[in-house]
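These notes concern the structure reproduced below.
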Amino acid sequence: MPPPLPSSLSPHVCILSSPDIQDLLTASSLPQLSEILQSFSPLPQVTTRTISLTSVPHKAFALRFSDLSEIEAACREDEEERAVRTLDWIGLRINSRSAQWVDDMDKMAGKQSTRVPWWEELKRCVEGDHVPSKTETWNHPIAIIFAVSTNTSNPLQIISNLHSRAIELPSWVDSAYLSYTLIVHPKDSTLSDEEAGALFNAVKKQYGLHSYLLSLDMPNPPPAPVPVPTAKPRLPLANRDSPELSTKPVDSSTRNGASSGINTIRMNEKDIQQTAKFTREFLVMSLIPWMEKCVTDWNENFVSNRRLPSRLFSSTRRLFGTPSPSPTPPPSHRSSASRSSTYNGTSVSTQVAVGSPSQQRRLAEFATILGDFKLAVTVWETLSKEGKGGSDILPLLLSPSPAIPLHVANTFATMFTQPTEPFAKVQLRALLCAIRWEVGIDPSDFASGLLEGERWLVWAAGSAEEPPSALLLAHAAFISSRKQALRRAALWYLMAANRLEKCGIKPLTMYFLRRAHDLCMNCPKKELSPSFWDAEGEEASNSRKHTAIKPVIEHSLGRLLYSTGHTQDAVKIFLSLLEASTLSPVSPAVSDEDDVQSVEVYLEDFRTAFEHLRANTPNLEQLNDFHLPFTFCLASQSSFRFTNDNIRDESSEWEKREEAWSRFNKSRGVNSRFATNQKAYVNEPFWVDLVLRNPLDVNVTLTDVTLVIRDSNVVEPSPSKLSAEIEVIEDVIIGAKETRTISISIKAIRPASLTITHVAYTFLSLLPSTESLAARGKRLYSTPTHLQTPTYASDVLMQVDVAEPGCRLQASFVDDKELNLHQGEITHLGLCLSSIGVESIDEVWLVVGSDNLWLDEGNGEVSDEMPAVESIHSSNSSEPFKPFNIPLGASFSLAPAKSLEVSLTFHALDLTQKDIHLLLLYRETPQAPFKQVRKVQTCSVHPLFRNTSLATPSTNVEEMYLLHLELQNISNSIVRLTQISTVSPSWTCDSSIYGKPGSIFPLQLSRFVLGINPWDKPSGCRETFEFVLKQHAGVIHGRAIDLLNPPPLDLCCNHSIRVCNAFWMSGSHSLPLNRFAIPSLIHSGKRHAVIGSRLASYPHIPSHTHPHIFPLFNPAALDVLVFWEIPAENRSGNILISGLNLGATHSPLRDIIRSAENSKITRSMYAETQRKKEEILEDIRNSEWNMEMNPLHVIIHTNDVSHDFATGPYRLRVHFTVRNYSATLQSRFTLNLNDTVESKPSPSDEQAIIYSGRLTFRAKLEPSHHTALVATAWIKRPGTYVVGAWCMETEVLEPSTDTVSNVERVRYRYIQNPLNDSPLVHVCHVPGLSRSQ
């Protein structure tokens, strides 16, 4: 037995009655014939058949009856307008009944209800709609009953008129319907029973067997009313003043003037039986067989179309010329003016129209009604795949499975195609689908976790703000509450209340708000360990006080209280709302402003309510009961700031400088300490930096912000005895969720011990408030009780001692403006030091903490001459500059009220640098602790050049390398290059091949080419490599690193390209530099370049050990120092271009790495430790200290030649130069030349050269040496020849470890072949010319 379908999916039967039928029913106090027949639906125990002739029993078979004239009138109305009227009509019915419903539900408080009245009313309103629609055909008439009585003078003519009447339905209404003739024969008819029988026989003969003679008594006066099923309400017609719009519900019987009750009908028992017999015979004998016949015929068309694809039919027509098979027509095949025809003895009415619905959909609907679900599901799935509907019906026919929600989602996806609020007809269709699913699916399956049907109702509601959408949300909440999904139910109740409030339905709005509030207060219990709340720092009871939805519910209640005059209660609720928004981990304000109110609205409502309360309260002391439930000040983060402290709280920068000072003292063997106790001084202002955090999600204004202090020496404080002047800030605006610091100055007028107790302010210029500045004490663990129960020490207050000034140093920059510098710019900073205390200062130190700032010691003069090549001695250490001891003049002290100006040199290297941090340490005696002065100078460094440097082997014998340097000006200024210098421990720049210094305009590019050769006076390179091998061996084997400094070495500095005397001329726009500053610039730039790269290359090696492992200069490194100036802006500086390592090395760390890999592995219980060791080994293997490459390079020298080939072939000499680029090891090689070349197709005319004569050359090269070889080739015809076809085998030799044999061993072997860009030789044929080479 199939499950019962929703009544909206039952057959729709229209009735066309003659006027005498209307008069007869009215005289008998009966409603319309359609409503009489509707009282007998559904019919019990009905059996249908499937296409396989299987019987399908139906427990109940429903029919829907309508008056044809009403259906025709309704179809004339625009579908969208009718949908709007339907939604408004449903809203009016709900509004008129909501108060009574709420009263009934309140009376049932405490009882579990399975049905809610508003949902039942909504279902009745939706299912009562019988008007056909364009989107589906369920409401399309499936049969038309032509009804006539025998009271008329000529019944047969009336029947003929009814059958010939044009059916005024739109063209998109299905034209296939059953025509049925009903003759009502009352007892007091003018015709006798025999005449009525003859009339019936004539009708059957003329219009077919689908006819019936209904004999009724219809006594007068009418009998007692008999209860019948309640008729579903229907939307009144647009041109009728309907009583449905009144507040009292009236059914259709009352519309027709009947005096009976709403749920009764005045018929005797015989008439009831006769009418029931007719209804069953109409269904069983006519309607169902006709539908079964339609299903059989339509199914044949459906199966035939599915059996063969359309491509096969098109191929048949193309090959054999047969016409396309026309589809089988529906059961009605021709049309007439009366829209009736005969098909196999069955009276059927048809209409052929362009907009008629598809036959497959009607097939699916008929099969669904008849219970042939197997066929119905097949057709519905086909329609769904083709995008023609069906996804809305499949959930009713299929068993519960995960595929059902997908069909539902597909249904709504095709409906809600616009992001805005859908049209009324779309809302109505979504509502109809949702109600069908809720009615047609078993409640246990609908609410199960597999289907989650309550979510379908929410999807159907969408973003519409009509009462039906709100009731969909409310019913989804009702189902969720029965499933104990309380939070979800509360949310949906709230959404429903918000939408109903906009519609003006207040009783249900208040009821849904109360339900939502009750559900959100019934939070699930959190079974968490007590230690969790202790770790979070909050009480376990507070975790359930606030939810994200509760403030929104209370906000609506607060507005109602304010509107009714309960202002004090409203203010309290608004304050609690603000508190809830601060305690909630997620802000209650969401992007959908129509659903949830934001915190800004709460704050504005509080402002309005409190202003109203303040204006209407005669005694303002009553307002003292109101207090802010949240705080703004973070007492634990607030602190004092004194005169010599800097405003910025960059603790990490100052900690770095204090650590540098501690390391410096440790290296000197001196133990010094800092004066940690900060004190304020009389008549000298200090500040309290209050950290304010706005807990709200909106901007807040605090006025009259000040501090409350207490003097510990004063027993009874009074305004006349205050020992300090406190600043009052008139207005402080804090952004949403912003944390900011404000400084309130305090100036003590006498020595005292001050305690800062509170901060006072006025919230929104309305509510005065004070907050305590006491921070909670530390957690105590001294006793077992403290371990079991959280116990804290006494609160900590902010205290400061005000003393008389002693030894005091004040530092300030001569020019305190922000520095706007270019990359590499050199500038001087003037620092003024003043003694503002009463004691002299005997010692001052400057800690810079960086490599680009140092103290000008003035130990050199500006020189007009600079040698082209000079040697610079370097410590080769990457240790930063040590603290500078500032000389205090001839008296070796800084007396009170005296000042001293110090000059500093700043080299702007770091583009990311924003501030210059200076730490000054001073003291009055050698035994006293050091006091600190911190200064910060803001700066911004802008890029100046985009540079590229590349070293390539030179084709010239005089140079080993060619250095290609490109500089592009990316600034907006004209930059003048004054000098280019190279710096290297092993290489020297002998010549400038290309490029001259000069001006570079914006976005212009300058190129330079320099010749590079080994330096003949290197010093310290071998010792540096030995140091690297020793220290890396310790790192690789995991031994403790010896804190040794790298050995010093000499640097060869070549000033290759320069403008004569421009850089050192005193009249130049550039800042004059002495030659003693050049080493500082080189070391500053080099340290800046290598420190950052080594931190990235060796992340697992502690950074403080880098200076003791890696030297500053790699012996193979070559750096370029470019000096520049901007005369128009009086700027100058230099940049160091680093990263080039020249020469060939042979993996010096290979043996150490292999020994570490082959040694016995000490396993660690931690996988991270072993992985860290492997990563360190890999970093060292790939480092610049372990590079390995082929040391030999082949250079081929060729020239284009001309020859008269009439005299014979040409003998070409090819010159090879082989150079050893290794500075430490010998190499031997074998150069093999090919005398035959394989012919390969070439897109060009290039030919491979063929050698002759000696084809093998062998030699041994010392480090940094080269040799020349000459080979011969025969050219038989002119053309372009590729000088290739050679192969060189190289063996790198190293001394043997066997001191007895002293035989060299091979360290590496290489095979080198020509590259793709081999040199070309152009040989031309010139008659009469004879030339040999």
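Chain identifiers are assigned as A, B, and so on, following the order in which chains appear in the structure tokens; residues are numbered from 1 within each chain, and ligands are numbered from 1 in order of appearance.
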List the spatial neighbours of Gly440 (chain A) as a compact mmCIF listing (two decimals) with C-alpha atoms, in the first residue's frame - criterion: any atom at most 9 Å away, only C-alpha atoms, same-chain residues fewer than 2 positions off excluded.
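What landed in out.txt:
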# COMPACT_ATOMS: atom_id res chain seq x y z
CA PRO A 3 1.95 6.10 1.49
CA PRO A 4 -0.74 8.77 1.34
CA LEU A 5 0.08 11.74 -0.84
CA PRO A 6 -0.61 15.36 0.13
CA PRO A 395 11.49 13.14 -1.91
CA LEU A 396 7.86 11.99 -1.49
CA LEU A 397 8.35 8.79 -3.49
CA ILE A 435 4.36 21.81 3.07
CA ARG A 436 4.09 18.86 0.67
CA TRP A 437 7.30 17.38 2.09
CA GLU A 438 6.24 17.93 5.67
CA ASP A 442 6.66 10.29 7.68
CA PRO A 443 7.35 12.64 10.65
Compile the contact shell of region 670-684 of chain A as a ChimeraX atom specification: residues with an atom at most 7 Å away, counting only C-alpha atoms, same-chain residues fewer than 3 positions apart removed. /A:642,665-666,747-751,800-805,929-931
Keeping only all heavy atoms, take the residues you just selected and write them out as a compact mmCIF listing (two decimals), in the first residue's frame.
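See selection_31.txt below for the written result:
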# COMPACT_ATOMS: atom_id res chain seq x y z
N PHE A 642 58.89 58.05 32.49
CA PHE A 642 59.60 59.20 33.03
C PHE A 642 60.23 60.01 31.90
O PHE A 642 60.15 59.64 30.73
CB PHE A 642 60.65 58.72 34.04
CG PHE A 642 60.04 57.95 35.18
CD1 PHE A 642 60.01 56.56 35.16
CD2 PHE A 642 59.45 58.61 36.25
CE1 PHE A 642 59.44 55.85 36.19
CE2 PHE A 642 58.88 57.89 37.28
CZ PHE A 642 58.87 56.52 37.25
N ASN A 665 80.80 44.12 28.75
CA ASN A 665 81.40 44.13 30.10
C ASN A 665 82.01 42.79 30.45
O ASN A 665 83.04 42.71 31.12
CB ASN A 665 80.34 44.52 31.13
CG ASN A 665 80.02 46.00 31.10
OD1 ASN A 665 80.89 46.82 30.77
ND2 ASN A 665 78.79 46.36 31.40
N LYS A 666 81.36 41.71 29.98
CA LYS A 666 81.90 40.39 30.28
C LYS A 666 83.24 40.18 29.59
O LYS A 666 84.16 39.56 30.14
CB LYS A 666 80.89 39.33 29.84
CG LYS A 666 81.28 37.91 30.21
CD LYS A 666 80.20 36.93 29.81
CE LYS A 666 80.61 35.51 30.20
NZ LYS A 666 79.55 34.52 29.80
N LYS A 747 52.75 66.04 37.90
CA LYS A 747 53.91 66.84 38.30
C LYS A 747 53.88 67.01 39.81
O LYS A 747 52.98 67.65 40.37
CB LYS A 747 53.87 68.21 37.62
CG LYS A 747 55.10 69.06 37.88
CD LYS A 747 55.03 70.36 37.10
CE LYS A 747 56.28 71.21 37.33
NZ LYS A 747 56.22 72.47 36.57
N ALA A 748 54.87 66.37 40.48
CA ALA A 748 54.94 66.43 41.95
C ALA A 748 55.56 67.75 42.38
O ALA A 748 56.52 68.24 41.77
CB ALA A 748 55.74 65.26 42.49
N ILE A 749 55.03 68.34 43.44
CA ILE A 749 55.53 69.62 43.95
C ILE A 749 56.40 69.46 45.19
O ILE A 749 57.01 70.42 45.64
CB ILE A 749 54.36 70.57 44.23
CG1 ILE A 749 53.40 69.94 45.24
CG2 ILE A 749 53.64 70.91 42.94
CD1 ILE A 749 52.23 70.87 45.61
N ARG A 750 56.42 68.22 45.70
CA ARG A 750 57.31 67.95 46.83
C ARG A 750 57.58 66.45 46.88
O ARG A 750 56.83 65.66 46.31
CB ARG A 750 56.68 68.42 48.15
CG ARG A 750 55.35 67.78 48.47
CD ARG A 750 54.86 68.22 49.87
NE ARG A 750 53.55 67.68 50.18
CZ ARG A 750 52.42 68.28 49.92
NH1 ARG A 750 52.41 69.45 49.32
NH2 ARG A 750 51.26 67.71 50.24
N PRO A 751 58.66 66.05 47.57
CA PRO A 751 58.94 64.62 47.68
C PRO A 751 57.80 63.89 48.38
O PRO A 751 57.27 64.35 49.39
CB PRO A 751 60.24 64.56 48.48
CG PRO A 751 60.87 65.89 48.30
CD PRO A 751 59.74 66.88 48.18
N VAL A 800 54.86 55.19 43.02
CA VAL A 800 56.06 55.86 42.56
C VAL A 800 56.58 56.74 43.69
O VAL A 800 55.79 57.34 44.45
CB VAL A 800 55.77 56.69 41.30
CG1 VAL A 800 54.76 57.78 41.56
CG2 VAL A 800 57.06 57.26 40.72
N ASP A 801 57.88 56.79 43.82
CA ASP A 801 58.54 57.64 44.82
C ASP A 801 59.06 58.89 44.13
O ASP A 801 59.76 58.81 43.12
CB ASP A 801 59.68 56.90 45.50
CG ASP A 801 59.19 55.71 46.31
OD1 ASP A 801 58.05 55.78 46.82
OD2 ASP A 801 59.92 54.69 46.41
N VAL A 802 58.73 60.02 44.65
CA VAL A 802 59.18 61.31 44.12
C VAL A 802 60.33 61.78 45.00
O VAL A 802 60.19 61.91 46.22
CB VAL A 802 58.03 62.34 44.12
CG1 VAL A 802 58.52 63.66 43.55
CG2 VAL A 802 56.85 61.82 43.32
N ALA A 803 61.50 62.00 44.37
CA ALA A 803 62.70 62.38 45.11
C ALA A 803 63.27 63.67 44.54
O ALA A 803 62.89 64.14 43.47
CB ALA A 803 63.74 61.25 45.03
N GLU A 804 64.21 64.19 45.28
CA GLU A 804 64.94 65.36 44.80
C GLU A 804 65.87 64.96 43.66
O GLU A 804 66.41 63.85 43.67
CB GLU A 804 65.75 65.97 45.95
CG GLU A 804 64.91 66.56 47.07
CD GLU A 804 64.19 67.83 46.65
OE1 GLU A 804 64.53 68.36 45.58
OE2 GLU A 804 63.28 68.26 47.38
N PRO A 805 66.07 65.82 42.65
CA PRO A 805 66.93 65.44 41.52
C PRO A 805 68.39 65.30 41.96
O PRO A 805 68.90 66.10 42.74
CB PRO A 805 66.74 66.60 40.54
CG PRO A 805 66.30 67.75 41.38
CD PRO A 805 65.49 67.18 42.51
N PRO A 929 75.67 52.46 40.16
CA PRO A 929 75.05 51.72 39.04
C PRO A 929 74.79 52.66 37.85
O PRO A 929 74.68 53.87 38.01
CB PRO A 929 73.76 51.19 39.64
CG PRO A 929 73.43 52.14 40.73
CD PRO A 929 74.73 52.59 41.30
N PHE A 930 74.71 52.05 36.70
CA PHE A 930 74.45 52.82 35.49
C PHE A 930 72.97 53.16 35.39
O PHE A 930 72.10 52.32 35.63
CB PHE A 930 74.89 52.04 34.24
CG PHE A 930 76.36 52.11 33.98
CD1 PHE A 930 77.19 51.07 34.36
CD2 PHE A 930 76.91 53.22 33.35
CE1 PHE A 930 78.55 51.13 34.10
CE2 PHE A 930 78.26 53.29 33.09
CZ PHE A 930 79.09 52.25 33.47
N LYS A 931 72.71 54.40 35.00
CA LYS A 931 71.36 54.84 34.69
C LYS A 931 71.21 54.93 33.17
O LYS A 931 72.20 55.11 32.45
CB LYS A 931 71.06 56.19 35.33
CG LYS A 931 71.19 56.18 36.85
CD LYS A 931 70.95 57.56 37.43
CE LYS A 931 71.13 57.56 38.94
NZ LYS A 931 70.94 58.90 39.52
Taking into account only C-alpha atoms, which residue in the set A:Ile90, A:Cys989, A:Ile167, A:Val601 is nearest to Cys1052 (chain A)? A:Cys989
Which of region 94-180 of chain A DSSP labels alpha helix (DSSP H), written as a ChimeraX atom specification: /A:94-107,117-127,155-164
Shortest interatomic distance to Val957 (chain A) - which of A:Trp654, A:Phe1025, A:Tyr207, A:Phe1216, counting only C-alpha atoms: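 With only C-alpha atoms as the atom set, the closest residue is A:Phe1216.
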Asp1317 (chain A) surroundings by only C-alpha atoms, 10 Å radius, close-in-sequence under 2 positions cut, as a PyMOL selection string: chain A and resi 1282-1284+1314-1315+1319-1320
With a distance cut-off of 7 Å and only C-alpha atoms, select the neighbouring residues of Asp697 (chain A), excluding the residue or stretch itself and same-chain residues fewer than 2 positions from it, and output the selection as a list in words.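 Here the qualifying residues turn out to be Val599, Pro695, Ala736 and Lys737 of chain A.
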Residue neighbourhood region 897-905 of chain A, 9 Å, only C-alpha atoms, exclusion window fewer than 5 positions, as JSON, numbers by chain: {"A": [814, 826, 827, 828, 829, 830, 831, 832, 833, 834, 835, 836, 837, 838, 852, 853, 854, 855, 856, 857, 886, 888, 889]}
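Interatomic distance, CA of Ile265 (chain A) to CA of Leu237 (chain A): 23.8 Å.
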Any idea what's packed within 10 Å of Leu780 (chain A), counting only C-alpha atoms, ignoring anything in its chain fewer than 4 positions away? Could you give it as a PyMOL selection string? chain A and resi 785-787+789-793
If we count only C-alpha atoms and set the cut-off at 12 Å, which residues sit around Thr181 (chain A), ignoring sequence neighbours fewer than 3 positions away in its own chain? Please answer as number ranges by chain. A: 14-18, 143-149, 155-156, 158-160, 162-163, 178, 184, 199-214, 278, 282, 286, 347-348
Pick from A:Ala447, A:Val848, A:Ile369, A:Leu472 nearest to Glu658 (chain A), counting only C-alpha atoms: A:Val848
Go through region 854-973 of chain A and collect every residue that DSSP, computed from the backbone, puts in strand (DSSP E or B); the answer should be as a PyMOL selection string. chain A and resi 854-855+869-874+884-885+894+899-907+915-923+930-942+945-953+961-969
Quick one: of A:Arg1150, A:Ser39, A:Leu394, A:Gly1208, who's nearest to Met1187 (chain A), counting only C-alpha atoms?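 Ranked by minimum distance to Met1187 (chain A), first place goes to A:Arg1150.
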Please measure the separation of CA of Ala609 (chain A) and CA of Lys550 (chain A), giving the value in Å to one decimal.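 Value for the CA of Ala609 (chain A)-CA of Lys550 (chain A) distance: 20.3 Å.
Closest to His12 (chain A) among A:Leu283, A:Ala477, A:Val1122, A:Val116 is A:Leu283, based on only C-alpha atoms.
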Can you work out which one of A:Pro1148, A:Pro768, A:Gly504, A:Pro1111 has the shortest atom-to-atom distance to Ile1091 (chain A), counting only C-alpha atoms? A:Pro1111
In Å, how far is it from CA of Val571 (chain A) to CA of Ala516 (chain A)? 21.9 Å
